[in-house]
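Colleague: Attaching a single structure in C-alpha cells format; questions to follow.
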Amino acid sequence: MLRDDDTLFAALIARDPSYEGFAYVGVTTTGIFCRLTCPARKPKRHNVVFFSCKDAAQDAGFRPCLRCRPLDIKRPTSGALESLRDRIKAEPDRRWSAEDVKALGYDPSTVRRAFQREYGITFAQYARSQRLGLAVNTLQQGGSVVEAQLDAGYESGSGFRDAISKLIGDAPIRTPARQILTAQWLDSPIGAMLAVVDDAGVHLLEFAERKALPTEIERLRRRVGPICFGQHAMLDTLAHQVEQYFAGRAISFEVPIVQKGTAFEATVWDALRRIPAGATRSYGDIARFIDRPDAARAVARANGANQVAIIVPCHRVIGADGSLTGYGGKIWRKQWLLEHERRIAATFSKGSKA
C-alpha cells in the first residue's frame, strides 16, 4: 500500500487516516517518526522520509513520537476522553456536572468536542445514556420505576419517562414486558463503533460516523425491540473478537449474527461472509454466486442494508472495474480494512505453511 513520497506527503498534510498503520513518516531534523495523522506541526517536504511499517522506522534509528504514539495499536484519543470514559464505566450511575469535569483538570468545552468527534454525542449525552441503561436494567430485574428513576439521577418522574421513551421507545411502566437490546461503544484503531446485542447474538455493529446509523437504529427498534446502553456477556465476547481482529491476531469471527432482513438480504449477507479475508468480489460476482446473475443492483442494495460491519464484510465488495465503491463507513475505512485483511491473510498463510 505504500505509495510514492509525494502522495504520502500530501496525505501527511491532510492527516489522511486511510494510511493509519500502513505508512509512517520520519522527520530527519528531530529523529522522530509519526503516524500520518499526527496533530503536530508539519515538517518541510525535504525533511521527511516515509516507511511502510514502524519496525522499518525504528531500524532506521527514528524514535516514536510521544504525541501520536505510533507504537500503540489503538488510535490515540484525547486523554480527557479516555479518563472520563473509564470513570463513567466505573460509576455509571453518577450525574456529571461541568464542575466535576473542571475538578479533574479538564475544560468542559474541550471534553464535549472530544466526545462529539469520537462518538457523535456530547460527554453529557454519553454519561446520560449509561445512567439510563443502568435504570433500564433495574426495571428489567423487577425494580420499581422510582428505584430506576433514582438510579438514573432524575428528580422529575415525567423527565425520566420521557428520557426512557426516547432511548427505548416505550414508557418505563411497560418496559419489563418487552425484549430489550443492549448497546455499547467499542473502540477500534479507525474509530468508535456502536454494537447492539441480545442473548442470541449481534444485531448491529457500525462505525459512529455512518450517516445511516440513526435510520438503522430506528429500523432495529421496529423489527426487534427497544435498545438501551448497558453491560452484556455477548458484548464482552464481541469486544474481545473485534480487538483480536484489529490487532491482526484473528482473521474470522465466531460470535453469532442475528440481524433481521428479507430472505434475499439474508442470502446476500451469507454470501458476503463466504468471501475470504484478503479477497474481494464485485456485485456481479455475488449475484452469480447466489444464482441470481441479473440481480447485481439488488445485491448492491442488500450490501448497503447490512448493519453488521466487518463481521458481515460488505467492505470486501468492490466495483466491477476494481474501484472502491461507496461505503457507509467512509471510503478511507474500506481501503484500510482491505489492506489490513490482506496483511492478516498473508500472515496466517505463512503460518499455515510453516
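By convention in this document, the chains of the C-alpha cells carry letters A, B, ... by their order, each chain's residues are numbered from 1, and ligands are numbered from 1 in the order they are shown.
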Residues within 6 Å of Gly201 of chain A, please, as a count of residues only. Count only C-alpha atoms; anything in the same chain fewer than 6 positions from it doesn't count.

Modeller: 3

Colleague: Kindly give the distance, in Å, that separates atom CA of Ala300 of chain A and atom CA of Glu339 of chain A, rounded to a single decimal.

Modeller: 21.8 Å

Colleague: I'd like the contact shell of segment 85-92 of chain A - 6 Å cut-off, only C-alpha atoms, skipping same-chain residues fewer than 3 positions apart - returned as a list in words.

Modeller: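 Using only C-alpha atoms, the neighbours found are Leu81, Glu82, Gln130 and Arg131 of chain A.
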
Colleague: Using only C-alpha atoms, which protein or nucleic acid residues come within 10 Å of segment 214-216 of chain A? Drop anything in the same chain fewer than 6 positions from it, and give the result as JSON, numbers by chain.

Modeller: {"A": [204, 206, 208, 222, 305, 306, 307]}

Colleague: Could you take the residues named above and write them with C-alpha atoms, as a short mmCIF file (atom, residue, chain, number, x, y, z; two decimals), in the first residue's frame?

Modeller:
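The result, written out as selection24.cif:
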```cif
data_model
loop_
_atom_site.label_atom_id
_atom_site.label_comp_id
_atom_site.auth_asym_id
_atom_site.auth_seq_id
_atom_site.Cartn_x
_atom_site.Cartn_y
_atom_site.Cartn_z
CA LEU A 204 -25.77 -4.21 14.80
CA GLU A 206 -21.44 0.11 12.86
CA ALA A 208 -20.19 6.01 14.73
CA ARG A 222 -39.16 -1.56 14.88
CA ALA A 305 -28.51 -2.67 4.09
CA ASN A 306 -26.02 -4.73 6.10
CA GLN A 307 -25.91 -3.49 9.71
#
```

Colleague: Excluding Lys330 of chain A and its own-chain neighbours fewer than 6 positions away, which residues fall within 10 Å of it when counting only C-alpha atoms? Please give them as a PyMOL selection string.

Modeller: chain A and resi 18+207+209-211

Colleague: Write out as a ChimeraX atom specification which residues come within 8 Å of segment 185-197 of chain A when counting only C-alpha atoms, dropping same-chain ones fewer than 5 positions away.

Modeller: /A:17,20,73-75,118-119,202-208,227,232,234-235,239,242-243,246,333

Colleague: Name the residues in contact with segment 320-328 of chain A at a cut-off of 8 Å, using only C-alpha atoms, excluding same-chain residues fewer than 5 positions from it; report them as a list in words.

Modeller: Arg210, Lys211, Ala212, Ser282, Tyr283, Gly284, Gly304, His315, Lys334 and Gln335 of chain A

Colleague: Just give me the gap between atom CA of Pro70 of chain A and atom CA of Ser109 of chain A in Å, one decimal is fine.

Modeller: 27.2 Å

Colleague: How many Å separate atom CA of Cys65 of chain A from atom CA of Val111 of chain A?

Modeller: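 Taking atom CA of Cys65 of chain A and atom CA of Val111 of chain A, their separation equals 23.4 Å.
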
Colleague: Nearest to Arg45 of chain A among A:Phe62, A:Tyr19, A:Phe9, A:Phe115, with distances taken over only C-alpha atoms: which residue is it?

Modeller: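 Checking each candidate against Arg45 of chain A, we get A:Phe9 as the closest.
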